[in-house]
Amino acid sequence: METSVLLLVCLFSAAVFIFKAKLSSPLRDIPGPKSKSFVLGHLRELLQQPAGLAEFEWQRIYGDIVRIKASFGSEQLLVADPKALQHILCSGYKWRRSPVRREMGRLSSGKGLAWADGETHKRHRKLMIPGFRASETKHFVPIFFACAEAMSTEWKKAISKSGEKSQVFDFTEHLSHATLDAIGIAAFDYDFGSIHNHENELAKAYQGLTAKAFRAPSNMGLLVLDLFKHVPSTVMEFMNDHNPRLKPLHHVARVGNDVAKQLIAQKVEEIEQGTPNKDIYTTLVQSNLQESSKTRLSGEELVAQMRNLLFGGHETTTNTICWAAYELARNPTLQDKLRAEIKSTERRIKDRGESEFTLNDLEAMPLLNATCKETLRYYPIAIHLFRTAHEDDVIPLSKPMIGTTGKVITNIAVPKGRIKTEDTLGMPYANLVTFAAGSRSCIGWRFAVAELQTFIVVLLRNFAIESTPKLAKIRRESALTMVPVIEGELDKGTQLPLRVYLVAE
């Protein structure tokens with residue numbers, strides 16, 4: 001049945017694109033590489049190769065605006081021009097997430113903030129934002145330190161038990177447990193206990209989720225993924241919900257929904273008894289209870305927001321910290337300089353009669369922040385930000401470009417729904433597009449940065465990180481997010497084995 005449906009979709013899409021090919025393309029003058037396949041266009045280069053490999057090469061050859069092909073000759077723009085990016089990302093809902101990317105959001109998090117668009121997204125975002133204000137983030141820093149130190153304690157025990165001076169740890173596994181506990185306490189006032197219990201069902205379900213579900217799609221997978229943009233959302237959802245290849249996502253949905261329902265019941269009871277906590281989810285439930293029936297989130301939407309918080313605050317943060325550790329392992333001198341900055345900050349904290357880092361202390365460390373910014377710039381978790389024009393638009397450029405006919409191009413006219421634009425590379429943080437910008441900017445960016453800062457501080461004040469022979473085989477894999485995998489071991493999912501030594505007190 002699945003094959004028959006796919007064949008019908010392919011035939012329909014081919015007919016559509018053959019018809020459209022006869023029309024004059026509005027992007028015909030934009031330079032770009034020739035595709036090797038009419039059926040797949042440049043999808044293989046974009047989604048099967050290591051992340052960024054093709055994009056950087058195309059940018060080097062053709063500039064900051066590149067025309068590429070998707071399935072059956074359909075055209076997309078690869079945009080790295082800063083003025084064009086700002087226009088696309090900061091034009092309200094004029095440019096929206098593509099239907100396929102929205103479906104990925106539904107599969108990973110349910111029909112919450114990552115899935116919503118337009119007025120629905122505006123309603124979801126309004127209710128979610130209060131829990132992520134700057135004033136709230138400072139209260140989460142002690143939680144991040146406690147979870148990072150708990151992981152460090154487990155590592156120290158393992159090193160001591162081994163009788164050696166060092167031990168190799170898979171950072172993707174251990175950080176996954178630590179960040180799950182951190183998001184659990186900060187967002188839900190719920191300790192998953194996964195640092196000490198690696199058999200935690202939720203932790204096991206979420207560990208390396210994107211790599212399990214989205215890494216290195218086959219040629220057929222690429223074709224189906226791209227053709228879904230022509231399929232009604234209800235049909236797309238039905239097919240994905242019954243696709244055996246997406247079992248990891250189905251399992252996460254079941255486990256996550258069960259936990260979310262328990263938490264919602266707990267939060268409502270605490271609010272009714274007048275004993276609410278100050279976690280993000282309680283703030284959301286409180287705000288939601290005060291909304292009118294017209295704007296209030298439904299039960300399904302509340303459950304989805306919980307899964308959205310877990311996915312956005314767990315897997316993405318884990319991968320970012322892993323990439324920071326990867327670079328630190330390759331740069332012992334940087335580790336030493338950061339360790340000196342950490343010790344200097346600890347002395348200042350002690351001089352004022354305190355013992356714990358605050359958010360202000362973290363933000364006052366120049367080298368730490370430079371390291372975080374460079375990690376987020378070079379290893380953006382969301383490699384591509386897919387957007388589709390919701391209405392006719394004209395994209396401005398920061399500088400003129402020369403088209404294929406020799407014509408000088410100063411802006412690009414894009415018809416409604418005709419062209420899907422793909423934005424990549426590096427605005428809410430450090431002028432980076434890592435957290436997107438505008439109406440769809442990441443509301444948890446302060447949370448993510450503070451957690452990254454905290455884990456780097458805790459790791460380096462306790463350990464020295466060293467490379468292992470497998471480090472040379474680490475590959476930046478495109479799997480919805482950018483994840484570390486080992487060349488030749490893609491079937492094992494995310495991996496980052498690094499050697500850890502205790503440092504002197």
# chains A, B, ... in the order shown; residues from 1 in each chain; ligands from 1
$ select_by_dssp --residues "range 423-487 of chain A" --states "strand (DSSP E)" --output "ChimeraX atom specification"
/A:423-424,463-466,474-479,481-486
$ write_last_selection --atoms "N, CA, C and O atoms" --output "CSV table (one decimal), in the first residue's frame"
chain,number,residue,atom,x,y,z
A,423,ASP,N,17.4,29.2,4.3
A,423,ASP,CA,18.4,30.1,4.9
A,423,ASP,C,19.4,29.3,5.7
A,423,ASP,O,19.0,28.4,6.4
A,424,THR,N,20.6,29.6,5.6
A,424,THR,CA,21.6,28.9,6.4
A,424,THR,C,22.8,29.8,6.8
A,424,THR,O,22.9,30.9,6.2
A,463,PHE,N,38.0,18.9,35.0
A,463,PHE,CA,38.7,18.0,34.1
A,463,PHE,C,39.5,18.7,33.0
A,463,PHE,O,39.3,19.8,32.6
A,464,ALA,N,40.5,17.9,32.5
A,464,ALA,CA,41.1,18.3,31.2
A,464,ALA,C,40.6,17.3,30.1
A,464,ALA,O,40.5,16.1,30.4
A,465,ILE,N,40.2,17.8,29.0
A,465,ILE,CA,39.6,17.0,27.9
A,465,ILE,C,40.6,16.8,26.8
A,465,ILE,O,41.3,17.7,26.4
A,466,GLU,N,40.8,15.5,26.4
A,466,GLU,CA,41.8,15.1,25.4
A,466,GLU,C,41.1,14.4,24.3
A,466,GLU,O,40.1,13.7,24.5
A,474,ILE,N,35.3,12.0,13.4
A,474,ILE,CA,34.0,12.7,13.7
A,474,ILE,C,33.5,13.4,12.5
A,474,ILE,O,34.2,14.2,11.8
A,475,ARG,N,32.2,13.3,12.2
A,475,ARG,CA,31.6,13.9,11.1
A,475,ARG,C,30.3,14.7,11.6
A,475,ARG,O,29.6,14.3,12.4
A,476,ARG,N,30.2,15.9,11.0
A,476,ARG,CA,29.0,16.7,11.3
A,476,ARG,C,27.9,16.2,10.5
A,476,ARG,O,27.7,16.5,9.3
A,477,GLU,N,27.0,15.5,11.1
A,477,GLU,CA,25.9,14.8,10.4
A,477,GLU,C,24.7,15.7,10.3
A,477,GLU,O,24.2,16.3,11.4
A,478,SER,N,24.0,15.8,9.2
A,478,SER,CA,22.8,16.5,9.0
A,478,SER,C,21.6,15.6,9.4
A,478,SER,O,21.4,14.6,8.6
A,479,ALA,N,21.0,15.8,10.5
A,479,ALA,CA,19.9,15.0,10.9
A,479,ALA,C,18.8,15.8,11.6
A,479,ALA,O,18.5,15.7,12.8
A,481,THR,N,19.0,18.3,13.0
A,481,THR,CA,19.9,19.1,13.7
A,481,THR,C,21.3,18.6,13.3
A,481,THR,O,21.5,17.6,12.6
A,482,MET,N,22.4,19.4,13.7
A,482,MET,CA,23.8,18.9,13.4
A,482,MET,C,24.3,18.1,14.6
A,482,MET,O,24.4,18.6,15.7
A,483,VAL,N,24.6,16.8,14.3
A,483,VAL,CA,25.0,15.9,15.4
A,483,VAL,C,26.3,15.3,15.1
A,483,VAL,O,26.7,15.1,13.9
A,484,PRO,N,27.1,15.0,16.1
A,484,PRO,CA,28.4,14.3,15.9
A,484,PRO,C,28.2,12.8,15.8
A,484,PRO,O,27.6,12.1,16.6
A,485,VAL,N,28.8,12.3,14.7
A,485,VAL,CA,28.8,10.8,14.5
A,485,VAL,C,30.2,10.4,14.0
A,485,VAL,O,31.0,11.3,13.7
A,486,ILE,N,30.5,9.1,14.0
A,486,ILE,CA,31.8,8.6,13.6
A,486,ILE,C,31.6,8.0,12.2
A,486,ILE,O,30.8,7.2,12.0
$ select_by_dssp --residues "range 93-173 of chain A" --states "helix (DSSP H, G or I)" --output "PyMOL selection string"
chain A and resi 99-109+118-132+134-137+141-162+171-173
$ closest_atom_pairs --of "range 203-280 of chain A" --to "range 487-497 of chain A" --cutoff "9 Å" --atoms "only C-alpha atoms" --output "CSV"
residue,atom,partner,partner_atom,distance
A:Gln207,CA,A:Thr494,CA,8.6
A:Gly208,CA,A:Thr494,CA,5.7
A:Leu209,CA,A:Gly493,CA,8.8
A:Ala211,CA,A:Gly493,CA,5.7
A:Lys212,CA,A:Gly493,CA,6.3
A:Arg215,CA,A:Leu490,CA,8.5
A:Ala216,CA,A:Leu490,CA,8.6
$ residues_around --residues "Phe435 in chain A" --least-positions-apart "3" --cutoff "12 Å" --atoms "only C-alpha atoms" --output "JSON, numbers by chain"
{"A": [89, 312, 316, 373, 376, 377, 379, 380, 381, 382, 383, 384, 385, 424, 425, 426, 427, 428, 429, 430, 431, 432, 438, 439, 440, 441, 442, 443, 444, 445, 446, 447, 448, 449]}
$ write_last_selection --atoms "N, CA, C and O atoms" --output "compact mmCIF listing (two decimals), in the first residue's frame"
# COMPACT_ATOMS: atom_id res chain seq x y z
N LEU A 89 13.58 36.60 7.78
CA LEU A 89 13.32 36.14 9.13
C LEU A 89 12.55 37.15 9.98
O LEU A 89 11.88 36.78 10.95
N GLY A 312 13.54 20.84 22.59
CA GLY A 312 14.31 22.05 22.36
C GLY A 312 15.35 22.31 23.43
O GLY A 312 16.41 22.87 23.16
N THR A 316 19.02 19.50 21.63
CA THR A 316 19.78 20.56 20.96
C THR A 316 20.91 21.06 21.86
O THR A 316 22.03 21.30 21.39
N LYS A 373 30.04 31.81 21.74
CA LYS A 373 29.58 32.43 20.49
C LYS A 373 30.17 31.73 19.26
O LYS A 373 29.47 31.51 18.27
N LEU A 376 28.46 28.38 18.76
CA LEU A 376 27.12 28.55 18.19
C LEU A 376 27.18 29.02 16.74
O LEU A 376 26.29 28.70 15.95
N ARG A 377 28.22 29.78 16.39
CA ARG A 377 28.37 30.23 15.00
C ARG A 377 28.78 29.09 14.09
O ARG A 377 28.20 28.90 13.01
N TYR A 379 28.82 25.77 14.79
CA TYR A 379 28.01 24.55 14.91
C TYR A 379 26.55 24.89 15.20
O TYR A 379 26.02 24.54 16.26
N PRO A 380 25.89 25.60 14.29
CA PRO A 380 24.48 25.92 14.53
C PRO A 380 23.66 24.64 14.53
O PRO A 380 23.75 23.83 13.62
N ILE A 381 22.88 24.44 15.57
CA ILE A 381 22.11 23.20 15.68
C ILE A 381 21.10 23.10 14.54
O ILE A 381 20.96 22.07 13.90
N ALA A 382 20.39 24.19 14.28
CA ALA A 382 19.47 24.20 13.13
C ALA A 382 20.27 24.61 11.90
O ALA A 382 20.50 25.79 11.66
N ILE A 383 20.72 23.64 11.14
CA ILE A 383 21.60 23.91 10.01
C ILE A 383 20.89 24.75 8.95
O ILE A 383 21.45 25.67 8.38
N HIS A 384 19.65 24.40 8.68
CA HIS A 384 18.86 25.10 7.67
C HIS A 384 17.57 25.63 8.30
O HIS A 384 16.95 24.94 9.11
N LEU A 385 17.20 26.83 7.93
CA LEU A 385 15.92 27.40 8.34
C LEU A 385 15.06 27.52 7.09
O LEU A 385 15.25 28.43 6.30
N THR A 424 20.64 29.64 5.60
CA THR A 424 21.62 28.91 6.38
C THR A 424 22.77 29.82 6.76
O THR A 424 22.94 30.89 6.19
N LEU A 425 23.59 29.38 7.70
CA LEU A 425 24.79 30.04 8.21
C LEU A 425 24.44 31.18 9.20
O LEU A 425 23.36 31.67 9.26
N GLY A 426 25.40 31.52 9.81
CA GLY A 426 25.55 32.65 10.60
C GLY A 426 26.61 33.47 9.93
O GLY A 426 27.39 32.94 9.23
N MET A 427 19.03 36.58 16.03
CA MET A 427 19.80 37.48 15.82
C MET A 427 19.54 38.10 17.15
O MET A 427 20.08 39.07 17.45
N PRO A 428 18.89 37.04 17.72
CA PRO A 428 18.70 37.60 19.05
C PRO A 428 19.97 37.56 19.89
O PRO A 428 20.09 38.30 20.85
N TYR A 429 20.92 36.70 19.56
CA TYR A 429 22.14 36.56 20.35
C TYR A 429 23.36 36.76 19.48
O TYR A 429 23.60 36.00 18.54
N ALA A 430 24.13 37.80 19.77
CA ALA A 430 25.43 38.03 19.14
C ALA A 430 25.37 38.10 17.62
O ALA A 430 26.31 37.72 16.94
N ASN A 431 24.26 38.61 17.09
CA ASN A 431 24.09 38.73 15.63
C ASN A 431 24.22 37.40 14.91
O ASN A 431 24.56 37.35 13.73
N LEU A 432 23.93 36.31 15.62
CA LEU A 432 23.98 34.98 15.01
C LEU A 432 22.58 34.55 14.62
O LEU A 432 21.61 34.87 15.29
N GLY A 438 13.28 37.29 14.57
CA GLY A 438 11.91 37.70 14.28
C GLY A 438 10.88 36.89 15.04
O GLY A 438 11.12 36.40 16.15
N SER A 439 9.71 36.72 14.43
CA SER A 439 8.57 36.08 15.09
C SER A 439 8.81 34.61 15.41
O SER A 439 8.13 34.04 16.25
N ARG A 440 9.81 33.99 14.75
CA ARG A 440 10.10 32.58 15.02
C ARG A 440 11.47 32.41 15.69
O ARG A 440 12.03 31.32 15.66
N SER A 441 11.98 33.46 16.29
CA SER A 441 13.25 33.31 17.01
C SER A 441 13.05 32.39 18.21
O SER A 441 11.95 32.28 18.76
N CYS A 442 14.10 31.73 18.61
CA CYS A 442 14.03 30.77 19.72
C CYS A 442 13.79 31.50 21.03
O CYS A 442 14.63 32.32 21.46
N ILE A 443 12.66 31.23 21.70
CA ILE A 443 12.37 31.93 22.94
C ILE A 443 13.27 31.46 24.08
O ILE A 443 13.41 32.15 25.08
N GLY A 444 13.91 30.30 23.92
CA GLY A 444 14.76 29.76 24.98
C GLY A 444 16.24 30.02 24.79
O GLY A 444 17.06 29.33 25.40
N TRP A 445 16.58 31.04 24.00
CA TRP A 445 18.00 31.23 23.68
C TRP A 445 18.82 31.59 24.93
O TRP A 445 19.96 31.14 25.07
N ARG A 446 18.26 32.40 25.83
CA ARG A 446 19.00 32.74 27.06
C ARG A 446 19.24 31.49 27.90
O ARG A 446 20.31 31.31 28.49
N PHE A 447 18.22 30.66 27.99
CA PHE A 447 18.30 29.39 28.71
C PHE A 447 19.43 28.54 28.14
O PHE A 447 20.27 28.01 28.87
N ALA A 448 19.46 28.42 26.81
CA ALA A 448 20.46 27.57 26.14
C ALA A 448 21.88 28.10 26.34
O ALA A 448 22.81 27.33 26.61
N VAL A 449 22.06 29.42 26.23
CA VAL A 449 23.38 30.02 26.38
C VAL A 449 23.88 29.85 27.81
O VAL A 449 25.05 29.48 28.04
$ closest_residue --among "A:Ala450, A:Val503, A:Ile412, A:Val168" --to "His139 in chain A" --atoms "only C-alpha atoms"
A:Ala450
$ residues_around --residues "Ala504 in chain A" --least-positions-apart "4" --cutoff "12 Å" --atoms "only C-alpha atoms" --output "list in words"
Lys165, Arg339, Leu460, Arg461, Asn462, Phe463 and Ala464 of chain A
$ residues_around --residues "range 191-203 of chain A" --least-positions-apart "4" --cutoff "8 Å" --atoms "only C-alpha atoms" --output "PDB file with N, CA, C and O atoms, in the first residue's frame"
ATOM      1  N   ALA A 150      26.778  17.003  39.190  1.00  0.00           N
ATOM      2  CA  ALA A 150      26.359  15.617  39.440  1.00  0.00           C
ATOM      3  C   ALA A 150      26.956  14.685  38.389  1.00  0.00           C
ATOM      4  O   ALA A 150      27.411  13.577  38.712  1.00  0.00           O
ATOM      5  N   MET A 151      26.979  15.129  37.140  1.00  0.00           N
ATOM      6  CA  MET A 151      27.604  14.336  36.079  1.00  0.00           C
ATOM      7  C   MET A 151      29.111  14.204  36.335  1.00  0.00           C
ATOM      8  O   MET A 151      29.690  13.120  36.182  1.00  0.00           O
ATOM      9  N   GLU A 154      29.904  11.595  38.929  1.00  0.00           N
ATOM     10  CA  GLU A 154      29.835  10.243  38.377  1.00  0.00           C
ATOM     11  C   GLU A 154      31.108   9.909  37.602  1.00  0.00           C
ATOM     12  O   GLU A 154      31.612   8.791  37.672  1.00  0.00           O
ATOM     13  N   HIS A 174      26.454  10.860  28.108  1.00  0.00           N
ATOM     14  CA  HIS A 174      26.448  11.414  29.464  1.00  0.00           C
ATOM     15  C   HIS A 174      25.816  12.810  29.506  1.00  0.00           C
ATOM     16  O   HIS A 174      25.075  13.124  30.450  1.00  0.00           O
ATOM     17  N   SER A 176      23.570  13.875  27.496  1.00  0.00           N
ATOM     18  CA  SER A 176      22.139  13.699  27.252  1.00  0.00           C
ATOM     19  C   SER A 176      21.398  13.494  28.568  1.00  0.00           C
ATOM     20  O   SER A 176      20.317  14.066  28.788  1.00  0.00           O
ATOM     21  N   HIS A 177      21.967  12.698  29.460  1.00  0.00           N
ATOM     22  CA  HIS A 177      21.332  12.461  30.759  1.00  0.00           C
ATOM     23  C   HIS A 177      21.369  13.721  31.627  1.00  0.00           C
ATOM     24  O   HIS A 177      20.371  14.053  32.290  1.00  0.00           O
ATOM     25  N   ALA A 178      22.492  14.427  31.615  1.00  0.00           N
ATOM     26  CA  ALA A 178      22.628  15.619  32.458  1.00  0.00           C
ATOM     27  C   ALA A 178      21.693  16.732  32.003  1.00  0.00           C
ATOM     28  O   ALA A 178      21.060  17.405  32.830  1.00  0.00           O
ATOM     29  N   LEU A 180      18.934  16.374  30.315  1.00  0.00           N
ATOM     30  CA  LEU A 180      17.541  15.973  30.556  1.00  0.00           C
ATOM     31  C   LEU A 180      17.151  16.304  32.002  1.00  0.00           C
ATOM     32  O   LEU A 180      16.061  16.846  32.249  1.00  0.00           O
ATOM     33  N   ASP A 181      18.039  15.995  32.941  1.00  0.00           N
ATOM     34  CA  ASP A 181      17.746  16.332  34.337  1.00  0.00           C
ATOM     35  C   ASP A 181      17.643  17.849  34.519  1.00  0.00           C
ATOM     36  O   ASP A 181      16.786  18.329  35.282  1.00  0.00           O
ATOM     37  N   GLY A 184      14.404  19.015  33.118  1.00  0.00           N
ATOM     38  CA  GLY A 184      13.327  18.489  33.953  1.00  0.00           C
ATOM     39  C   GLY A 184      13.086  19.356  35.175  1.00  0.00           C
ATOM     40  O   GLY A 184      11.942  19.715  35.486  1.00  0.00           O
ATOM     41  N   ILE A 185      14.163  19.724  35.869  1.00  0.00           N
ATOM     42  CA  ILE A 185      14.032  20.520  37.094  1.00  0.00           C
ATOM     43  C   ILE A 185      13.668  21.962  36.773  1.00  0.00           C
ATOM     44  O   ILE A 185      12.768  22.556  37.387  1.00  0.00           O
ATOM     45  N   GLN A 207      17.612  10.114  23.826  1.00  0.00           N
ATOM     46  CA  GLN A 207      19.041  10.127  23.513  1.00  0.00           C
ATOM     47  C   GLN A 207      19.277   9.875  22.018  1.00  0.00           C
ATOM     48  O   GLN A 207      18.882   8.858  21.471  1.00  0.00           O
ATOM     49  N   VAL A 252       8.832   8.099  21.395  1.00  0.00           N
ATOM     50  CA  VAL A 252       9.013   9.328  22.163  1.00  0.00           C
ATOM     51  C   VAL A 252       7.675  10.011  22.401  1.00  0.00           C
ATOM     52  O   VAL A 252       7.405  10.531  23.493  1.00  0.00           O
ATOM     53  N   VAL A 255       5.787   8.030  25.220  1.00  0.00           N
ATOM     54  CA  VAL A 255       6.396   8.229  26.544  1.00  0.00           C
ATOM     55  C   VAL A 255       6.236   9.681  26.983  1.00  0.00           C
ATOM     56  O   VAL A 255       5.845   9.965  28.129  1.00  0.00           O
ATOM     57  N   GLY A 256       6.526  10.613  26.073  1.00  0.00           N
ATOM     58  CA  GLY A 256       6.433  12.039  26.388  1.00  0.00           C
ATOM     59  C   GLY A 256       5.022  12.474  26.729  1.00  0.00           C
ATOM     60  O   GLY A 256       4.805  13.254  27.665  1.00  0.00           O
TER      61      GLY A 256
END
$ residues_around --residues "Ser37 in chain A" --least-positions-apart "6" --cutoff "9 Å" --atoms "only C-alpha atoms" --output "list in words"
Ser71, Phe72 and Gly73 of chain A
$ residues_around --residues "Phe311 in chain A" --least-positions-apart "3" --cutoff "8 Å" --atoms "only C-alpha atoms" --output "PyMOL selection string"
chain A and resi 108-109+206+307-308+314-316
$ atom_distance --atom1 "CA of Met401 in chain A" --atom2 "CA of Ile61 in chain A"
12.7 Å
$ atom_distance --atom1 "CA of Met220 in chain A" --atom2 "CA of Arg44 in chain A"
10.6 Å
$ closest_atom_pairs --of "range 118-169 of chain A" --to "range 279-284 of chain A" --cutoff "7 Å" --atoms "only C-alpha atoms" --output "CSV"
residue,atom,partner,partner_atom,distance
A:Leu127,CA,A:Leu284,CA,6.2
A:Met128,CA,A:Leu284,CA,6.0
A:Gly131,CA,A:Ile280,CA,4.7
